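Heads up, my_file.cif below (mmCIF, C-alpha atoms):
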```cif
data_query
loop_
_atom_site.label_atom_id
_atom_site.label_comp_id
_atom_site.auth_asym_id
_atom_site.auth_seq_id
_atom_site.Cartn_x
_atom_site.Cartn_y
_atom_site.Cartn_z
CA MET X 1 99.36 75.10 109.06
CA ASP X 2 98.62 78.22 107.01
CA SER X 3 99.12 80.41 110.08
CA ILE X 4 102.76 79.29 110.24
CA PHE X 5 103.30 81.13 106.96
CA ARG X 6 102.12 84.38 108.52
CA ILE X 7 105.21 84.45 110.77
CA PRO X 8 107.64 87.04 109.30
CA TYR X 9 110.73 84.82 109.68
CA ILE X 10 108.99 81.91 107.92
CA GLN X 11 107.84 84.29 105.18
CA THR X 12 111.44 85.37 104.62
CA LEU X 13 112.58 81.75 104.28
CA ALA X 14 109.82 81.14 101.73
CA LYS X 15 110.44 84.36 99.78
CA ILE X 16 113.86 85.83 100.39
CA ASP X 17 113.79 88.74 97.88
CA LEU X 18 112.93 92.33 98.80
CA THR X 19 109.57 92.59 97.03
CA ALA X 20 107.39 91.90 100.07
CA VAL X 21 109.60 94.12 102.25
CA ASN X 22 109.23 97.10 99.93
CA TYR X 23 105.45 96.74 99.70
CA LYS X 24 105.11 96.26 103.46
CA ALA X 25 107.20 99.38 104.09
CA LYS X 26 105.16 101.41 101.61
CA SER X 27 101.92 100.20 103.19
CA ASP X 28 103.12 101.15 106.67
CA PHE X 29 104.45 104.48 105.43
CA LEU X 30 101.06 105.26 103.89
CA GLU X 31 99.38 104.44 107.21
CA LYS X 32 101.88 106.74 108.94
CA LEU X 33 100.96 109.55 106.54
CA LEU X 34 97.24 108.99 107.07
CA LYS X 35 97.71 109.14 110.83
CA GLU X 36 99.88 112.27 110.80
CA LYS X 37 97.78 114.05 108.11
CA PRO X 38 100.38 116.67 107.12
CA GLY X 39 98.75 120.02 106.47
CA VAL X 40 95.59 118.88 108.26
CA ASN X 41 96.57 117.99 111.84
CA SER X 42 99.40 120.51 111.75
CA PRO X 43 99.92 123.87 109.99
CA LYS X 44 101.18 123.59 106.43
CA THR X 45 104.66 125.13 106.39
CA LYS X 46 105.80 123.58 103.09
CA LYS X 47 104.22 122.58 99.80
CA ILE X 48 103.39 118.87 99.64
CA MET X 49 104.56 116.76 96.70
CA LEU X 50 103.33 113.20 96.26
CA ILE X 51 105.29 110.82 93.98
CA LEU X 52 103.43 107.82 92.54
CA GLY X 53 105.68 105.61 90.44
CA SER X 54 107.57 102.39 89.89
CA SER X 55 111.20 101.52 90.66
CA ARG X 56 112.15 104.22 88.15
CA LEU X 57 110.98 106.93 90.55
CA LEU X 58 111.84 105.14 93.79
CA TYR X 59 115.45 106.05 94.56
CA PHE X 60 115.55 109.81 95.01
CA ASP X 61 118.17 110.84 97.56
CA TYR X 62 116.16 112.07 100.54
CA ASP X 63 118.92 114.25 101.96
CA GLU X 64 119.43 115.95 98.60
CA LEU X 65 115.70 116.61 98.23
CA VAL X 66 115.62 118.25 101.67
CA SER X 67 118.68 120.33 100.83
CA PHE X 68 117.86 121.31 97.24
CA TYR X 69 114.10 121.85 97.63
CA PRO X 70 113.51 123.29 101.12
CA ASP X 71 110.07 124.66 100.15
CA TRP X 72 108.72 121.15 99.52
CA GLU X 73 107.83 118.18 101.70
CA ILE X 74 108.21 115.28 99.25
CA TYR X 75 106.51 111.94 99.97
CA ASN X 76 107.44 109.03 97.72
CA LEU X 77 104.91 106.18 97.46
CA SER X 78 106.59 104.46 94.51
CA SER X 79 107.28 100.73 94.52
CA ALA X 80 108.52 98.08 92.10
CA VAL X 81 106.29 97.07 89.17
CA THR X 82 103.31 99.34 89.68
CA THR X 83 100.12 100.28 87.83
CA PRO X 84 97.40 102.97 87.77
CA ALA X 85 95.35 100.80 90.15
CA TYR X 86 98.16 101.02 92.72
CA TYR X 87 98.43 104.79 92.26
CA ASP X 88 94.67 105.23 92.60
CA PHE X 89 94.62 103.24 95.85
CA GLN X 90 97.23 105.49 97.41
CA LEU X 91 95.83 108.74 96.04
CA THR X 92 92.30 107.83 97.15
CA LYS X 93 93.50 107.14 100.71
CA ILE X 94 95.47 110.40 100.82
CA LEU X 95 92.69 112.61 99.46
CA ASP X 96 89.94 110.92 101.48
CA ALA X 97 91.98 111.66 104.62
CA GLY X 98 91.85 115.37 103.79
CA ILE X 99 95.51 115.64 102.77
CA LYS X 100 95.72 117.84 99.68
CA PRO X 101 99.02 117.69 97.77
CA ASP X 102 100.19 120.83 96.00
CA LEU X 103 101.67 118.62 93.30
CA VAL X 104 101.21 114.99 92.29
CA ILE X 105 103.93 113.31 90.23
CA MET X 106 102.61 110.18 88.52
CA GLU X 107 104.55 107.83 86.29
CA THR X 108 103.02 106.34 83.19
CA ASP X 109 104.39 103.69 80.88
CA PRO X 110 102.90 101.25 78.31
CA ASN X 111 103.67 98.17 80.40
CA GLN X 112 101.48 99.48 83.21
CA PHE X 113 98.53 98.96 80.87
CA ASN X 114 99.34 95.35 79.99
CA GLN X 115 96.63 92.91 81.04
CA ASN X 116 99.21 90.12 81.11
CA SER X 117 101.74 91.92 83.32
CA VAL X 118 102.74 90.76 86.79
CA PHE X 119 99.99 92.92 88.36
CA LYS X 120 98.50 89.94 90.19
CA SER X 121 101.76 88.82 91.79
CA SER X 122 102.83 92.38 92.68
CA ASN X 123 100.19 95.04 93.35
CA LEU X 124 97.25 92.70 93.89
CA THR X 125 99.21 90.43 96.21
CA TYR X 126 100.96 93.00 98.38
CA SER X 127 98.73 96.08 98.42
CA PHE X 128 95.09 97.26 98.55
CA ASP X 129 92.59 96.58 101.30
CA LEU X 130 89.25 94.81 101.12
CA GLY X 131 87.19 98.01 101.28
CA TYR X 132 89.03 99.52 98.33
CA VAL X 133 88.81 96.33 96.25
CA LEU X 134 85.07 95.95 96.86
CA SER X 135 84.38 99.63 96.16
CA ASN X 136 86.11 99.20 92.78
CA LEU X 137 84.59 95.83 91.96
CA SER X 138 83.39 97.01 88.54
CA LEU X 139 86.97 97.88 87.54
CA PHE X 140 88.77 94.92 89.15
CA GLY X 141 86.29 92.31 87.94
CA LYS X 142 85.48 88.94 89.50
CA ASP X 143 88.76 87.26 88.54
CA HIS X 144 90.96 89.83 90.28
CA VAL X 145 88.69 90.02 93.32
CA SER X 146 88.76 86.22 93.69
CA PHE X 147 92.55 86.23 93.36
CA TYR X 148 92.86 89.01 95.95
CA LEU X 149 90.64 87.19 98.46
CA GLY X 150 92.58 83.96 97.98
CA ARG X 151 95.90 85.67 98.69
CA LYS X 152 94.55 87.50 101.75
CA LEU X 153 92.80 84.46 103.24
CA PHE X 154 95.63 81.98 102.69
CA ALA X 155 99.25 82.96 103.34
CA VAL X 156 100.57 80.00 101.35
CA GLY X 157 99.11 81.63 98.25
CA THR X 158 101.91 84.19 98.50
CA TYR X 159 104.56 82.35 100.52
CA LYS X 160 104.79 79.00 98.77
CA PRO X 161 105.66 76.11 101.12
CA TYR X 162 108.50 74.74 99.00
CA LEU X 163 110.33 73.06 101.87
CA ASP X 164 113.50 72.27 99.92
CA GLN X 165 113.97 75.93 98.96
CA MET X 166 113.12 77.08 102.48
CA TRP X 167 115.77 74.71 103.85
CA LYS X 168 118.37 76.05 101.40
CA ASN X 169 117.52 79.60 102.47
CA TYR X 170 117.76 78.60 106.13
CA LYS X 171 121.23 77.08 105.56
CA ASN X 172 122.39 80.06 103.50
CA PRO X 173 125.52 81.37 105.28
CA TYR X 174 124.49 84.92 104.35
CA LEU X 175 120.98 84.66 105.78
CA ASP X 176 121.77 87.06 108.64
CA ASN X 177 123.01 89.61 106.10
CA VAL X 178 119.79 89.19 104.10
CA LEU X 179 117.67 89.71 107.21
CA GLY X 180 119.71 92.78 108.04
CA MET X 181 119.18 94.14 104.53
CA HIS X 182 115.43 93.55 104.85
CA GLN X 183 115.31 95.50 108.11
CA SER X 184 117.52 98.29 106.77
CA THR X 185 115.35 98.64 103.66
CA TYR X 186 112.17 98.79 105.72
CA ASP X 187 113.59 101.30 108.23
CA TYR X 188 115.03 103.51 105.50
CA ILE X 189 111.72 103.79 103.63
CA ILE X 190 109.79 104.62 106.79
CA SER X 191 112.30 107.24 107.97
CA HIS X 192 113.07 108.82 104.57
CA ASN X 193 109.60 109.85 103.38
CA GLY X 194 109.17 106.68 101.33
CA ASN X 195 112.30 107.04 99.19
CA GLY X 196 113.90 103.65 98.64
CA LEU X 197 117.24 102.26 99.75
CA SER X 198 118.94 101.24 96.53
CA PRO X 199 120.61 97.79 96.77
CA ILE X 200 123.22 98.96 94.26
CA ASP X 201 123.44 102.58 95.49
CA ASN X 202 125.63 104.61 93.09
CA TYR X 203 126.49 101.77 90.69
CA MET X 204 126.30 102.50 86.97
CA GLU X 205 126.72 99.99 84.15
CA LYS X 206 129.72 100.82 81.95
CA ASP X 207 129.53 97.80 79.64
CA SER X 208 127.49 98.70 76.53
CA ASN X 209 126.93 95.02 75.72
CA ALA X 210 125.43 94.48 79.17
CA LEU X 211 123.08 97.44 78.63
CA LEU X 212 121.94 95.99 75.32
CA LEU X 213 121.47 92.53 76.82
CA THR X 214 119.44 93.78 79.80
CA SER X 215 117.39 96.00 77.46
CA HIS X 216 116.37 92.96 75.40
CA ARG X 217 115.72 90.93 78.54
CA THR X 218 113.60 93.67 80.12
CA LEU X 219 111.59 94.28 76.97
CA ASP X 220 110.90 90.55 76.54
CA TRP X 221 109.75 90.34 80.16
CA LEU X 222 107.58 93.46 80.03
CA PHE X 223 105.89 92.98 76.70
CA ALA X 224 105.47 89.22 76.39
CA SER X 225 101.84 88.48 75.47
CA TYR X 226 100.91 92.17 75.62
CA GLN X 227 97.19 92.83 75.76
CA ARG X 228 95.50 96.16 76.44
CA SER X 229 94.07 96.33 79.98
CA ASN X 230 90.66 98.00 80.13
CA MET X 231 90.97 97.86 83.91
CA GLN X 232 94.18 99.91 84.08
CA PHE X 233 92.87 102.49 81.62
CA GLY X 234 89.78 102.72 83.83
CA PHE X 235 91.91 103.40 86.93
CA TYR X 236 94.00 105.94 84.99
CA GLU X 237 90.89 107.91 84.06
CA LYS X 238 89.62 107.60 87.64
CA ILE X 239 92.84 109.23 88.88
CA LEU X 240 92.69 112.07 86.35
CA ASN X 241 89.03 112.70 87.12
CA ARG X 242 89.74 112.94 90.88
CA LEU X 243 92.74 115.24 90.31
CA GLN X 244 90.63 117.48 88.09
CA GLU X 245 87.73 117.56 90.56
CA GLU X 246 90.05 118.44 93.45
CA LYS X 247 91.90 121.02 91.29
CA ILE X 248 95.26 119.39 92.08
CA LYS X 249 98.32 120.24 90.03
CA ALA X 250 99.95 117.21 88.45
CA VAL X 251 102.95 116.30 86.33
CA ILE X 252 102.48 112.95 84.60
CA ILE X 253 105.86 111.62 83.54
CA TRP X 254 107.03 108.98 81.10
CA PRO X 255 110.59 108.21 82.34
CA LEU X 256 113.56 107.53 80.16
CA SER X 257 115.58 104.33 79.93
CA SER X 258 118.87 103.53 78.20
CA PRO X 259 119.24 104.42 74.48
CA ASP X 260 119.22 100.69 73.63
CA PHE X 261 115.94 100.18 75.45
CA GLU X 262 114.36 103.31 73.96
CA SER X 263 115.44 102.20 70.48
CA LEU X 264 113.79 98.81 70.99
CA MET X 265 110.63 100.51 72.27
CA GLU X 266 110.43 102.68 69.15
CA LYS X 267 110.11 99.53 67.04
CA GLU X 268 107.11 98.25 69.01
CA SER X 269 103.83 99.20 67.31
CA LEU X 270 101.93 98.58 70.55
CA VAL X 271 103.93 101.40 72.18
CA LYS X 272 102.90 103.88 69.48
CA THR X 273 99.26 102.77 69.83
CA TRP X 274 99.41 103.17 73.60
CA GLU X 275 101.06 106.59 73.33
CA THR X 276 98.36 107.92 71.00
CA GLU X 277 95.59 106.69 73.29
CA ILE X 278 97.16 107.83 76.56
CA ASP X 279 97.88 111.30 75.13
CA SER X 280 94.24 111.65 74.05
CA ILE X 281 92.84 110.54 77.43
CA THR X 282 95.22 112.76 79.38
CA LYS X 283 94.38 115.79 77.23
CA ASN X 284 90.66 115.23 77.86
CA TYR X 285 91.29 116.03 81.54
CA ASN X 286 93.42 119.10 80.74
CA TYR X 287 96.69 117.42 81.70
CA SER X 288 99.65 116.40 79.54
CA ILE X 289 102.53 113.94 79.76
CA LEU X 290 106.13 114.99 80.33
CA LYS X 291 108.09 112.67 78.05
CA LEU X 292 111.71 112.80 79.13
CA LYS X 293 112.90 111.57 75.75
CA HIS X 294 111.68 114.89 74.30
CA ASP X 295 112.58 117.13 77.24
CA PRO X 296 115.66 119.33 76.54
CA SER X 297 116.03 120.17 80.25
CA TYR X 298 116.74 116.51 81.11
CA ASN X 299 120.33 115.49 80.53
CA CYS X 300 121.84 112.34 82.00
CA ASN X 301 123.56 109.32 80.51
CA ALA X 302 124.16 106.92 83.39
CA TYR X 303 122.26 103.63 83.72
CA ALA X 304 122.02 100.88 86.32
CA ASP X 305 120.76 98.50 83.61
CA GLY X 306 118.96 98.74 80.29
CA GLY X 307 115.64 99.70 81.86
CA HIS X 308 116.74 101.93 84.75
CA VAL X 309 118.77 105.11 85.06
CA ALA X 310 121.53 105.19 87.67
CA LYS X 311 120.88 107.02 90.92
CA ASP X 312 123.01 109.92 89.70
CA CYS X 313 120.31 110.77 87.13
CA TYR X 314 117.68 111.38 89.80
CA ARG X 315 119.03 114.92 90.28
CA SER X 316 118.29 115.80 86.65
CA LEU X 317 114.99 113.92 86.88
CA MET X 318 113.65 116.04 89.77
CA ARG X 319 114.96 119.20 88.13
CA SER X 320 112.99 118.40 84.95
CA ILE X 321 109.86 117.64 86.97
CA LEU X 322 109.96 120.95 88.83
CA LEU X 323 110.79 122.93 85.68
CA GLU X 324 107.70 121.40 84.10
CA TYR X 325 105.69 122.34 87.19
CA PHE X 326 106.80 125.98 86.92
CA ARG X 327 106.23 126.06 83.16
CA ARG X 328 102.65 124.90 83.62
CA TYR X 329 101.56 126.39 86.91
CA GLU X 330 103.92 129.21 87.94
CA PRO X 331 105.51 130.56 84.74
CA ASN X 332 106.06 133.97 86.36
CA ARG X 333 108.68 132.40 88.63
CA LEU X 334 110.88 131.12 85.80
#
```
Go ahead and render the structure in this file as structure tokens.
Amino acid sequence: MDSIFRIPYIQTLAKIDLTAVNYKAKSDFLEKLLKEKPGVNSPKTKKIMLILGSSRLLYFDYDELVSFYPDWEIYNLSSAVTTPAYYDFQLTKILDAGIKPDLVIMETDPNQFNQNSVFKSSNLTYSFDLGYVLSNLSLFGKDHVSFYLGRKLFAVGTYKPYLDQMWKNYKNPYLDNVLGMHQSTYDYIISHNGNGLSPIDNYMEKDSNALLLTSHRTLDWLFASYQRSNMQFGFYEKILNRLQEEKIKAVIIWPLSSPDFESLMEKESLVKTWETEIDSITKNYNYSILKLKHDPSYNCNAYADGGHVAKDCYRSLMRSILLEYFRRYEPNRL
């Protein structure tokens, strides 16, 4: 019976959103990278940039990146609701394969260090492999390892057999459109260096009340029952240690959200506590955090919702990242 829920079509009926599709595409894209080994199996003709982030770094326009930054080959391994553990998994695979990025962009954010986040139902459900989990047993701990094994051994752990909901999805008159969107999203990620296909493309929210409402909603969702995660801080330090050992240039970025969301964040004492700690840890490894809220080179005021900038802002975002790269590592070229 469980094997039935390993059939892709049945999985779609059980879970019709794009979460599993995005993670599957990112997993397959990572495998594609590991097989091709850019700069290892073939001569390195461009600098390699690796982006590790959440949905806030996912929707760069691939064609614009190719056009505006011809000296760089930019691979985007971002996905929705991510954590340092997810970044470490990808970075470990890349570096162990002999691929050496010239620049690693890594997102950081206080919610990524929340022990009570949706880490289990996102990263731990849809990513990692057994070898990686077991090799990091001391960081994951028994509870997370048990959860991971349960989800991998039994498909119904992820794709719940709620037959009434599956029947509704099956009878949905737009099911063919949904399946088409799933395939388009997967194909786009694979063929566009991991950059995501935005379901809302160039939409920007123009209603200030809607931005305030979604800011409150997002903050309540992200920071409900916040508790510091020793595990995620452990993975964060593991990443910085590996980057330092391999002498890899890195820009660690704290993205910007809408003014309403940023204002609400400023009132959260846990955010200030996290910021002090993360700054101290990052400095210990001779790196620093690019905080867009303090960066004068970043200028954009378009938002998809309270927690996310509109796609139009990704141009300014990449410009700020590369300016920071030149400031730190190639100041003579500014």
Each residue of segment 51-167 of chain X with at least one atom at most 10 Å from segment 2-16 of chain X should appear once, together with its nearest atom pair and the corresponding distance in Å (one decimal); atoms considered: all atoms listed in the file; ordering: chain, then increasing residue number; output as a tab-separated table.
```
residue	atom	partner	partner_atom	distance
X:Leu153	CA	X:Asp2	CA	9.3
X:Phe154	CA	X:Asp2	CA	6.5
X:Ala155	CA	X:Phe5	CA	5.7
X:Val156	CA	X:Asp2	CA	6.2
X:Gly157	CA	X:Asp2	CA	9.4
X:Thr158	CA	X:Lys15	CA	8.6
X:Tyr159	CA	X:Ala14	CA	5.5
X:Lys160	CA	X:Ala14	CA	6.2
X:Pro161	CA	X:Ala14	CA	6.6
X:Tyr162	CA	X:Ala14	CA	7.1
X:Leu163	CA	X:Ala14	CA	8.1
X:Asp164	CA	X:Ala14	CA	9.8
X:Gln165	CA	X:Ala14	CA	7.2
X:Met166	CA	X:Leu13	CA	5.0
X:Trp167	CA	X:Leu13	CA	7.7
```
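The shortest atom-to-atom distance to Tyr285 of chain X, with only C-alpha atoms taken into account, belongs to X:Tyr236 out of X:Tyr226, X:Lys267, X:Arg328, X:Tyr236.
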Top pick for closest residue to Glu268 of chain X, considering X:Thr185, X:Ile74, X:Lys32, X:Leu219 and counting only C-alpha atoms: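 Nearest to Glu268 of chain X: X:Leu219.
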Mind checking which residues fall within 8 Å of Thr218 of chain X, counting all atoms listed in the file, ignoring those fewer than 3 positions away in the same chain, and posting them as a PyMOL selection string? chain X and resi 214-215+221-222+306-307
Residues in the PyMOL selection byres ((chain X and resi 255-265) around 8), expressed as a PyMOL selection string: chain X and resi 56+107-109+211-212+215-216+219+253-254+266-268+271+291-293+301+303+305-309
Counting only C-alpha atoms, which residues in segment 103-145 of chain X sit no more than 6 Å from segment 245-252 of chain X? For each one, give the nearest pair of atoms and the distance in Å, sorted by chain then residue number, as a tab-separated table.
```
residue	atom	partner	partner_atom	distance
X:Leu103	CA	X:Lys249	CA	5.0
X:Val104	CA	X:Ala250	CA	4.6
X:Ile105	CA	X:Val251	CA	5.0
X:Met106	CA	X:Ile252	CA	4.8
X:Glu107	CA	X:Ile252	CA	5.8
```
Specify as JSON, numbers by chain each residue included when the PyMOL selection byres ((chain X and resi 128) around 9) is applied to this file. {"X": [27, 86, 89, 90, 123, 124, 125, 126, 127, 129, 130, 131, 132, 133, 148]}
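Picture a line from atom CA of Trp72 of chain X to atom CA of Ser184 of chain X; it runs 25.5 Å.
Taking atom CA of Tyr23 of chain X and atom CA of Asn195 of chain X as endpoints, the distance between them is 12.4 Å.
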Ranking X:Tyr75, X:Lys142, X:Pro199, X:Glu237 by minimum distance to Asp279 of chain X and counting all atoms listed in the file, which one comes first? X:Glu237
So, counting all atoms listed in the file, which residue among X:Ser198, X:Asn193, X:Ser42, X:Ser55 is closest to Glu73 of chain X?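 When distances to Glu73 of chain X are compared using all atoms listed in the file, the smallest one comes from X:Asn193.
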If you apply the PyMOL selection byres ((chain X and resi 29) around 10) to this file, what residues do you get, as an NGL selection string? :X and (23-28 or 30-35 or 75-77 or 186 or 189-194)
What does the file look like for those residues with C-alpha atoms, as a short mmCIF file (atom, residue, chain, number, x, y, z; two decimals), keeping the file's coordinate frame?
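selection.cif written:
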```cif
data_model
loop_
_atom_site.label_atom_id
_atom_site.label_comp_id
_atom_site.auth_asym_id
_atom_site.auth_seq_id
_atom_site.Cartn_x
_atom_site.Cartn_y
_atom_site.Cartn_z
CA TYR X 23 105.45 96.74 99.70
CA LYS X 24 105.11 96.26 103.46
CA ALA X 25 107.20 99.38 104.09
CA LYS X 26 105.16 101.41 101.61
CA SER X 27 101.92 100.20 103.19
CA ASP X 28 103.12 101.15 106.67
CA LEU X 30 101.06 105.26 103.89
CA GLU X 31 99.38 104.44 107.21
CA LYS X 32 101.88 106.74 108.94
CA LEU X 33 100.96 109.55 106.54
CA LEU X 34 97.24 108.99 107.07
CA LYS X 35 97.71 109.14 110.83
CA TYR X 75 106.51 111.94 99.97
CA ASN X 76 107.44 109.03 97.72
CA LEU X 77 104.91 106.18 97.46
CA TYR X 186 112.17 98.79 105.72
CA ILE X 189 111.72 103.79 103.63
CA ILE X 190 109.79 104.62 106.79
CA SER X 191 112.30 107.24 107.97
CA HIS X 192 113.07 108.82 104.57
CA ASN X 193 109.60 109.85 103.38
CA GLY X 194 109.17 106.68 101.33
#
```
Near Ser229 of chain X, within 7 Å and counting only C-alpha atoms, which residues show up once chain neighbours fewer than 5 positions away are dropped, as JSON, numbers by chain? {"X": [113, 114, 115]}
Within 7 Å of (107.4, 98.3, 89.5) (coordinates as in the file), grab all the protein and nucleic acid residues, counting all atoms listed in the file, and write them out as a PyMOL selection string. chain X and resi 54-55+79-82
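For the atom pair formed by atom CA of Ile289 of chain X and atom CA of Glu275 of chain X, the distance is 9.9 Å, given to one decimal.
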Once 6 Å is added on each side, what are the centre and the three edge lengths, in Å to one decimal, of the axis-aligned box enclosing the listed atoms of segment 281-290 of chain X? Present them as JSON.
```
{"center_x": 98.4, "center_y": 114.8, "center_z": 79.5, "size_x": 27.5, "size_y": 20.6, "size_z": 16.5}
```
Please determine, counting only C-alpha atoms, which residue among X:Gln183, X:Ser117, X:Ser208, X:Asn41 has the shortest atom-to-atom distance to Phe223 of chain X. X:Ser117
Distance criterion (only C-alpha atoms): nearest to Pro70 of chain X out of X:Thr273, X:Lys93, X:Thr45, X:Asp88: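 Answer, going by the shortest atom-to-atom distance: X:Thr45.
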